[in-house]
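Shown next: work-v5.cif, given as mmCIF, C-alpha atoms.
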```cif
data_entry
loop_
_atom_site.label_atom_id
_atom_site.label_comp_id
_atom_site.auth_asym_id
_atom_site.auth_seq_id
_atom_site.Cartn_x
_atom_site.Cartn_y
_atom_site.Cartn_z
CA MET A 12 24.82 11.58 -10.58
CA ALA A 13 24.35 8.33 -8.66
CA PRO A 14 25.57 8.30 -5.05
CA GLN A 15 28.34 5.95 -4.06
CA PRO A 16 27.43 3.20 -1.58
CA ILE A 17 28.59 3.85 1.96
CA GLN A 18 29.02 1.46 4.87
CA HIS A 19 26.26 1.74 7.42
CA ARG A 20 26.42 -0.03 10.78
CA VAL A 21 23.63 -0.89 13.20
CA ARG A 22 24.92 -2.61 16.30
CA ASP A 23 27.18 -5.41 15.00
CA ILE A 24 25.79 -5.53 11.44
CA GLY A 25 27.36 -3.46 8.68
CA VAL A 26 25.72 -3.11 5.25
CA ARG A 27 26.12 -1.11 2.07
CA LEU A 28 23.76 1.85 1.74
CA PHE A 29 22.83 4.36 -0.96
CA ARG A 30 21.64 7.69 0.43
CA ALA A 31 20.69 10.89 -1.41
CA GLY A 32 18.19 13.73 -1.29
CA ASN A 33 16.73 16.01 1.36
CA GLY A 34 13.62 16.13 3.47
CA ARG A 35 11.86 13.48 5.50
CA PRO A 36 13.61 10.09 5.31
CA LEU A 37 12.24 7.48 2.91
CA LEU A 38 13.57 3.97 3.47
CA PHE A 39 13.38 1.55 0.53
CA LEU A 40 13.67 -2.21 1.18
CA HIS A 41 14.70 -4.22 -1.86
CA GLY A 42 13.50 -7.58 -3.14
CA ALA A 43 15.13 -10.98 -3.42
CA GLY A 44 17.30 -9.96 -6.36
CA GLY A 45 19.52 -7.93 -4.08
CA MET A 46 20.47 -4.29 -3.68
CA PRO A 47 19.27 -2.45 -6.80
CA PRO A 48 21.43 0.07 -8.64
CA TRP A 49 20.62 3.71 -8.09
CA SER A 50 18.05 4.48 -10.78
CA ALA A 51 15.69 7.09 -12.19
CA PHE A 52 13.06 5.84 -9.74
CA PHE A 53 15.23 6.66 -6.73
CA GLU A 54 16.44 9.90 -8.29
CA LYS A 55 12.86 11.12 -8.65
CA LEU A 56 12.02 10.25 -5.03
CA ALA A 57 15.25 11.91 -3.86
CA GLY A 58 14.05 15.18 -5.38
CA ARG A 59 11.67 15.47 -2.42
CA TYR A 60 12.91 13.01 0.23
CA ASP A 61 16.05 11.79 1.94
CA VAL A 62 16.15 8.38 0.25
CA LEU A 63 17.95 5.47 1.91
CA VAL A 64 18.43 2.18 0.05
CA PRO A 65 20.27 -0.36 2.25
CA GLU A 66 21.40 -3.82 1.26
CA HIS A 67 19.75 -6.41 3.50
CA PRO A 68 22.12 -8.36 5.77
CA GLY A 69 23.21 -11.53 3.97
CA PHE A 70 22.81 -10.02 0.52
CA GLY A 71 26.03 -9.26 -1.29
CA THR A 72 27.97 -11.11 1.40
CA PRO A 73 26.98 -13.84 3.89
CA ASP A 74 29.38 -12.50 6.51
CA ASN A 75 26.94 -10.08 8.19
CA ALA A 76 23.87 -12.27 8.58
CA LYS A 77 24.57 -15.00 11.13
CA ASP A 78 21.61 -13.85 13.25
CA ILE A 79 19.21 -13.20 10.32
CA LYS A 80 17.50 -16.53 9.77
CA SER A 81 13.97 -15.44 8.83
CA VAL A 82 11.99 -12.45 7.61
CA ALA A 83 10.94 -11.91 11.23
CA ASP A 84 14.64 -11.49 12.12
CA LEU A 85 15.06 -9.10 9.20
CA ALA A 86 12.10 -7.04 10.41
CA MET A 87 13.62 -6.79 13.89
CA TYR A 88 16.94 -5.71 12.38
CA TYR A 89 15.17 -2.89 10.56
CA LEU A 90 13.45 -1.77 13.74
CA ASP A 91 16.95 -1.34 15.18
CA PHE A 92 17.94 0.41 11.94
CA LEU A 93 15.04 2.87 12.34
CA ASP A 94 15.89 3.52 15.98
CA ALA A 95 19.49 4.28 15.04
CA LEU A 96 18.42 6.84 12.41
CA ASP A 97 17.21 9.05 15.25
CA THR A 98 14.87 11.03 12.98
CA GLY A 99 11.20 11.73 12.89
CA PRO A 100 8.81 9.21 11.34
CA VAL A 101 10.04 7.58 8.13
CA HIS A 102 8.20 6.76 4.92
CA LEU A 103 8.76 3.02 4.43
CA VAL A 104 8.66 1.53 0.92
CA GLY A 105 9.24 -2.17 0.24
CA HIS A 106 9.31 -4.27 -2.90
CA SER A 107 8.51 -8.01 -3.01
CA LEU A 108 10.62 -9.56 -0.20
CA GLY A 109 11.17 -5.99 1.00
CA GLY A 110 7.41 -5.41 0.97
CA TRP A 111 6.90 -8.51 3.10
CA THR A 112 9.59 -7.28 5.47
CA ALA A 113 8.00 -3.83 5.59
CA ALA A 114 4.64 -5.36 6.55
CA GLU A 115 6.31 -7.45 9.26
CA ILE A 116 7.91 -4.26 10.61
CA ALA A 117 4.61 -2.41 10.63
CA VAL A 118 2.64 -5.10 12.47
CA ARG A 119 5.29 -5.04 15.21
CA ASN A 120 5.79 -1.30 15.67
CA CYS A 121 4.51 1.65 13.64
CA SER A 122 5.89 4.33 15.94
CA ARG A 123 8.83 5.15 13.64
CA LEU A 124 6.72 5.13 10.47
CA ALA A 125 4.88 7.96 8.72
CA SER A 126 3.48 5.77 5.93
CA LEU A 127 3.85 2.38 4.30
CA THR A 128 4.10 1.67 0.56
CA LEU A 129 4.13 -1.91 -0.68
CA ILE A 130 5.23 -2.75 -4.23
CA SER A 131 4.25 -6.26 -5.40
CA PRO A 132 4.71 -7.60 -1.86
CA ALA A 133 5.34 -11.18 -0.86
CA GLY A 134 4.15 -12.34 2.57
CA ILE A 135 0.67 -13.80 2.08
CA ARG A 136 -0.85 -16.58 0.00
CA VAL A 137 -4.30 -16.73 -1.58
CA LYS A 138 -5.79 -20.20 -2.01
CA GLY A 139 -6.50 -21.02 -5.63
CA ILE A 140 -4.20 -18.30 -7.03
CA PRO A 141 -0.76 -19.90 -7.43
CA CYS A 142 2.44 -17.89 -7.44
CA GLY A 143 5.37 -18.37 -9.78
CA ASP A 144 8.39 -20.24 -8.41
CA ASN A 145 11.60 -18.36 -9.07
CA PHE A 146 13.57 -21.01 -7.18
CA ILE A 147 13.00 -23.49 -10.00
CA TRP A 148 12.92 -21.07 -12.96
CA SER A 149 16.03 -20.95 -15.13
CA HIS A 150 17.94 -17.68 -15.48
CA GLU A 151 16.13 -16.96 -18.73
CA GLU A 152 12.71 -17.91 -17.35
CA THR A 153 13.28 -15.62 -14.37
CA ALA A 154 14.24 -12.67 -16.55
CA ARG A 155 11.30 -13.17 -18.91
CA ASN A 156 8.76 -13.78 -16.14
CA LEU A 157 9.72 -10.67 -14.18
CA TYR A 158 8.86 -8.26 -17.00
CA HIS A 159 5.90 -7.56 -19.23
CA ASP A 160 8.10 -5.67 -21.69
CA GLN A 161 10.57 -8.25 -22.93
CA ALA A 162 13.08 -5.55 -23.91
CA PHE A 163 13.93 -5.36 -20.21
CA ALA A 164 14.40 -9.12 -20.08
CA GLU A 165 16.68 -9.01 -23.13
CA ARG A 166 18.89 -6.43 -21.43
CA VAL A 167 19.14 -8.60 -18.33
CA LEU A 168 20.02 -11.67 -20.38
CA ALA A 169 22.70 -9.76 -22.29
CA GLN A 170 24.52 -8.73 -19.10
CA THR A 171 27.89 -10.24 -18.23
CA PHE A 172 29.11 -10.38 -14.64
CA THR A 173 32.50 -9.65 -13.19
CA GLU A 174 33.79 -12.17 -10.67
CA GLU A 175 32.78 -9.86 -7.83
CA GLU A 176 29.28 -9.41 -9.26
CA ALA A 177 28.90 -13.17 -9.68
CA ASP A 178 29.89 -13.69 -6.03
CA ARG A 179 27.31 -11.11 -4.94
CA ALA A 180 24.61 -12.76 -7.06
CA LEU A 181 25.39 -16.13 -5.47
CA ALA A 182 25.20 -14.61 -1.97
CA ASN A 183 21.87 -13.00 -2.90
CA ARG A 184 20.42 -16.31 -4.05
CA PHE A 185 21.63 -18.10 -0.91
CA MET A 186 20.09 -15.48 1.40
CA ALA A 187 16.85 -15.31 -0.59
CA THR A 188 16.56 -19.07 -0.25
CA ARG A 189 17.11 -18.86 3.50
CA LEU A 190 14.31 -16.30 3.83
CA GLY A 191 11.79 -17.49 1.25
CA TRP A 192 12.21 -21.21 0.58
CA GLU A 193 9.75 -22.81 2.99
CA PRO A 194 6.97 -21.90 2.82
CA ARG A 195 7.48 -20.16 -0.51
CA TRP A 196 7.53 -16.40 0.00
CA PHE A 197 4.95 -16.08 2.74
CA ASN A 198 4.34 -16.28 6.47
CA PRO A 199 1.17 -18.24 7.30
CA ALA A 200 0.73 -16.17 10.48
CA LEU A 201 1.07 -12.71 8.89
CA GLU A 202 -2.55 -12.39 7.79
CA ARG A 203 -3.71 -12.56 11.41
CA TRP A 204 -1.75 -9.44 12.32
CA LEU A 205 -2.09 -7.13 9.33
CA HIS A 206 -4.97 -5.36 11.07
CA ARG A 207 -2.31 -3.88 13.37
CA ILE A 208 -1.01 -1.62 10.58
CA LYS A 209 -2.44 1.70 11.73
CA LEU A 210 -0.92 4.16 9.28
CA PRO A 211 -1.56 5.35 5.72
CA THR A 212 -0.78 2.42 3.42
CA PHE A 213 -0.45 2.32 -0.36
CA LEU A 214 -0.11 -0.73 -2.60
CA ILE A 215 1.28 -0.78 -6.16
CA TRP A 216 1.23 -3.88 -8.33
CA GLY A 217 2.11 -4.64 -11.93
CA ALA A 218 -1.03 -6.03 -13.55
CA ASP A 219 0.99 -8.67 -15.42
CA ASP A 220 3.06 -9.94 -12.48
CA LYS A 221 3.93 -13.61 -13.11
CA LEU A 222 5.74 -14.13 -9.80
CA LEU A 223 3.23 -12.72 -7.31
CA PRO A 224 -0.14 -12.32 -9.04
CA SER A 225 -1.73 -8.88 -8.90
CA ALA A 226 -4.99 -10.62 -7.87
CA TYR A 227 -3.40 -10.71 -4.41
CA ALA A 228 -3.95 -6.96 -4.15
CA LYS A 229 -7.61 -7.56 -3.24
CA ARG A 230 -6.61 -9.71 -0.27
CA TRP A 231 -4.18 -7.08 1.00
CA GLN A 232 -7.01 -4.54 0.81
CA GLU A 233 -9.22 -6.83 2.88
CA LEU A 234 -6.56 -7.30 5.56
CA VAL A 235 -4.92 -3.86 5.95
CA PRO A 236 -7.29 -1.15 7.23
CA GLY A 237 -7.72 1.70 4.75
CA LEU A 238 -5.18 0.37 2.25
CA ALA A 239 -5.35 2.05 -1.17
CA ALA A 240 -4.29 -0.09 -4.15
CA ASP A 241 -3.27 0.82 -7.69
CA LEU A 242 -2.52 -1.65 -10.51
CA ILE A 243 -0.13 -0.57 -13.27
CA PRO A 244 -1.12 -1.99 -16.68
CA GLU A 245 1.42 -3.62 -19.00
CA CYS A 246 3.83 -4.11 -16.11
CA GLY A 247 5.38 -7.13 -14.43
CA HIS A 248 6.89 -7.74 -11.01
CA LEU A 249 9.22 -4.72 -10.99
CA PRO A 250 7.14 -1.53 -11.46
CA GLN A 251 9.99 0.60 -10.08
CA VAL A 252 12.13 -0.62 -13.00
CA GLU A 253 9.71 -1.28 -15.84
CA LYS A 254 7.48 1.75 -15.14
CA ALA A 255 9.88 3.84 -13.06
CA ASP A 256 8.34 7.26 -13.67
CA VAL A 257 4.79 5.99 -13.25
CA ALA A 258 5.61 4.18 -10.00
CA ALA A 259 7.57 7.13 -8.57
CA ASP A 260 4.81 9.59 -9.47
CA LYS A 261 2.15 7.42 -7.82
CA ILE A 262 4.22 7.16 -4.64
CA LEU A 263 4.94 10.89 -4.57
CA ARG A 264 1.26 11.72 -4.99
CA PHE A 265 0.40 9.36 -2.15
CA LEU A 266 3.07 10.85 0.12
CA GLU A 267 2.07 14.44 -0.60
CA GLY A 268 -1.06 13.89 1.46
CA LYS A 269 0.79 12.45 4.45
#
```
Now, as a test, write the supplied structure out as structure tokens.
Amino acid sequence: MAPQPIQHRVRDIGVRLFRAGNGRPLLFLHGAGGMPPWSAFFEKLAGRYDVLVPEHPGFGTPDNAKDIKSVADLAMYYLDFLDALDTGPVHLVGHSLGGWTAAEIAVRNCSRLASLTLISPAGIRVKGIPCGDNFIWSHEETARNLYHDQAFAERVLAQTFTEEEADRALANRFMATRLGWEPRWFNPALERWLHRIKLPTFLIWGADDKLLPSAYAKRWQELVPGLAADLIPECGHLPQVEKADVAADKILRFLEGK
């Protein structure tokens, strides 16, 4: 049974949060599409870990993000978030925008982290390997470009939104634009500091990612000491959705050794 979202407050910022499971905390940072529904991916992780899935400030509602103007701000917010958990080291997992944020957290302070897992992360740019541009894609182009298996895209395109869901989607798009518009989905300075990530790091990427090409995995390996990378075949930008069991199993195997 999926947990109900609760309100979680860190200093003056309150956000929605899913939390379930037992064991060492595992914090999942979502991508630009907004807070994901509780899914089989999270359920599998929660069988071994205390899984926390917060909604980033500014997503869902713009009312809690006046001081979050960049991914650097978001990273600092999550350092406060980790301090407020008052637990031992946390396994940090981030997807896309959340992966970029997780890397920005780790280059600043690894003391609250037990490991880092990046899923199709934004944050860097490789010359000569262009990214997709979801800011100019239509709704249908976005859905089709995010998945290798078009059955997933068809389900997305068939969805209808309530008024509340439409308002949340609009807030998500506004906040994603604030964080990723210029330059598109990367921080030109981040590469210089990725050597500061001094903890076990794992990278998962869908081999058929049309938004952030999986060829970027090689550059992450060059920049993050000891990073292990794994490409998932026949998979697009959302391995935790399109290949949920495969992605969860890979993460669990990685964490078992930590």
Give me, as JSON lines, each residue of segment 193-236 of chain A that comes within 12 Å of segment 152-174 of chain A, together with its shortest interatomic pair and the distance in Å at one decimal, counting only C-alpha atoms, with rows ordered by chain and rising residue number.
```
{"residue": "A:Gly217", "atom": "CA", "partner": "A:His159", "partner_atom": "CA", "distance": 8.7}
{"residue": "A:Ala218", "atom": "CA", "partner": "A:His159", "partner_atom": "CA", "distance": 9.1}
{"residue": "A:Asp219", "atom": "CA", "partner": "A:His159", "partner_atom": "CA", "distance": 6.3}
{"residue": "A:Asp220", "atom": "CA", "partner": "A:Leu157", "partner_atom": "CA", "distance": 6.9}
{"residue": "A:Lys221", "atom": "CA", "partner": "A:Asn156", "partner_atom": "CA", "distance": 5.7}
{"residue": "A:Leu222", "atom": "CA", "partner": "A:Leu157", "partner_atom": "CA", "distance": 6.9}
{"residue": "A:Leu223", "atom": "CA", "partner": "A:Leu157", "partner_atom": "CA", "distance": 9.7}
{"residue": "A:Pro224", "atom": "CA", "partner": "A:Leu157", "partner_atom": "CA", "distance": 11.2}
```
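Shortest separation to Ala83 of chain A among A:Ala51, A:Ala177, A:Leu63, A:Leu201 occurs at residue A:Leu201, atoms counted being all atoms listed in the file.
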Expand the PyMOL selection byres ((chain A and resi 190) around 6) into the individual residues it matches in the shown file, reporting them as a list of chain:residue names.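 Taken on the displayed file, the PyMOL selection byres ((chain A and resi 190) around 6) yields the residues A:Ser81, A:Val82, A:Ala187, A:Thr188, A:Arg189, A:Gly191.
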Counting all atoms listed in the file, figure out which residue out of A:Ser225, A:Gln232, A:Ser126, A:Asn145 gets nearest to Trp192 of chain A.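 Nearest to Trp192 of chain A: A:Asn145.
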Mind giving me the straight-line distance from atom CA of Thr98 of chain A to atom CA of Ile116 of chain A in Å, one decimal?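 Separating atom CA of Thr98 of chain A from atom CA of Ile116 of chain A is a distance of 17.0 Å.
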Could you give me, as a ChimeraX atom specification, the residues that have an atom at most 7 Å away from the point (4.8, 1.3, 0.0) in the coordinates of the file, using only C-alpha atoms? /A:103-105,127-130,212-214
Would you mind exporting the chosen residues as a compact mmCIF listing (two decimals), in the coordinates of the input, restricted to C-alpha atoms?
```txt
# COMPACT_ATOMS: atom_id res chain seq x y z
CA LEU A 103 8.76 3.02 4.43
CA VAL A 104 8.66 1.53 0.92
CA GLY A 105 9.24 -2.17 0.24
CA LEU A 127 3.85 2.38 4.30
CA THR A 128 4.10 1.67 0.56
CA LEU A 129 4.13 -1.91 -0.68
CA ILE A 130 5.23 -2.75 -4.23
CA THR A 212 -0.78 2.42 3.42
CA PHE A 213 -0.45 2.32 -0.36
CA LEU A 214 -0.11 -0.73 -2.60
```
Axis-aligned box for segment 253-258 of chain A, 3 Å per side, centre and edges in Å as AutoDock Vina command-line options:
```
--center_x 7.3 --center_y 3.0 --center_z -12.9 --size_x 11.1 --size_y 14.5 --size_z 11.8
```
Shortest contact to Leu263 of chain A, candidates A:Gly44, A:Leu28, A:Pro16, A:Arg59, atoms counted all atoms listed in the file, goes to A:Arg59
Quick one: residues within 8 Å of Pro236 of chain A, only C-alpha atoms, excluding same-chain residues fewer than 6 positions away - as number ranges by chain? A: 206, 208-209
Rounded to one decimal in Å, what is the spacing between atom CA of Asp61 of chain A and atom CA of Ala31 of chain A?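 Pair atom CA of Asp61 of chain A / atom CA of Ala31 of chain A returns 5.8 Å.
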Expressed in Å to a single decimal, how great is the separation between atom CA of Val257 of chain A and atom CA of Tyr227 of chain A?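 Between atom CA of Val257 of chain A and atom CA of Tyr227 of chain A the gap is 20.6 Å.
Distances from A:Leu56, A:Val64, A:Leu96, A:Ala43 to Leu266 of chain A were compared using only C-alpha atoms, and the smallest one belongs to A:Leu56.
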Distance query segment 203-205 of chain A at most 10 Å, all atoms listed in the file, self and fewer than 3 positions along chain excluded, as a list in words: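 Counting all atoms listed in the file, the residues come to Ala114, Glu115, Ala117, Val118, Arg119, Pro199, Ala200, Ile208, Lys209, Trp231, Glu233, Leu234, Val235 and Pro236 of chain A.
Closest approach to Pro47 of chain A among A:Tyr89, A:Phe29, A:Trp196, A:Phe265 is made by A:Phe29 (distances from all atoms listed in the file).
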Let me make sure I understand: among A:Ile79, A:Ala57, A:Ile262, A:Ala228, which one has the smallest atom-to-atom distance to Gly134 of chain A if we use all atoms listed in the file?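 Once distances to Gly134 of chain A are computed over all atoms listed in the file, the minimum belongs to A:Ala228.
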Arg230 of chain A environment, 10 Å, only C-alpha atoms, sequence neighbours closer than 6 positions dropped, as a short mmCIF file (atom, residue, chain, number, x, y, z; two decimals) with C-alpha atoms, in the coordinates of the input:
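Everything below was put into selection16.cif:
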```
data_model
loop_
_atom_site.label_atom_id
_atom_site.label_comp_id
_atom_site.auth_asym_id
_atom_site.auth_seq_id
_atom_site.Cartn_x
_atom_site.Cartn_y
_atom_site.Cartn_z
CA ILE A 135 0.67 -13.80 2.08
CA ARG A 136 -0.85 -16.58 0.00
CA VAL A 137 -4.30 -16.73 -1.58
CA GLU A 202 -2.55 -12.39 7.79
#
```
So that I can check the surroundings of Val62 of chain A, please list as a list in words every protein, DNA and RNA residue that reaches within 9 Å of it, counting all atoms listed in the file and ignoring chain neighbours fewer than 5 positions away.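 These residues fall inside the cut-off: Phe29, Arg30, Ala31, Gly32, Asn33, Gly34, Arg35, Pro36, Leu37, Leu38, Phe39, Phe53, Glu54, Leu56 and Ala57 of chain A.
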Just write the chosen residues, C-alpha atoms, as an mmCIF file, in the coordinates of the input.
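result.cif written:
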```cif
data_model
loop_
_atom_site.group_PDB
_atom_site.id
_atom_site.type_symbol
_atom_site.label_atom_id
_atom_site.label_comp_id
_atom_site.auth_asym_id
_atom_site.auth_seq_id
_atom_site.Cartn_x
_atom_site.Cartn_y
_atom_site.Cartn_z
ATOM 1 C CA PHE A 29 22.830 4.360 -0.960
ATOM 2 C CA ARG A 30 21.640 7.690 0.430
ATOM 3 C CA ALA A 31 20.690 10.890 -1.410
ATOM 4 C CA GLY A 32 18.190 13.730 -1.290
ATOM 5 C CA ASN A 33 16.730 16.010 1.360
ATOM 6 C CA GLY A 34 13.620 16.130 3.470
ATOM 7 C CA ARG A 35 11.860 13.480 5.500
ATOM 8 C CA PRO A 36 13.610 10.090 5.310
ATOM 9 C CA LEU A 37 12.240 7.480 2.910
ATOM 10 C CA LEU A 38 13.570 3.970 3.470
ATOM 11 C CA PHE A 39 13.380 1.550 0.530
ATOM 12 C CA PHE A 53 15.230 6.660 -6.730
ATOM 13 C CA GLU A 54 16.440 9.900 -8.290
ATOM 14 C CA LEU A 56 12.020 10.250 -5.030
ATOM 15 C CA ALA A 57 15.250 11.910 -3.860
#
```
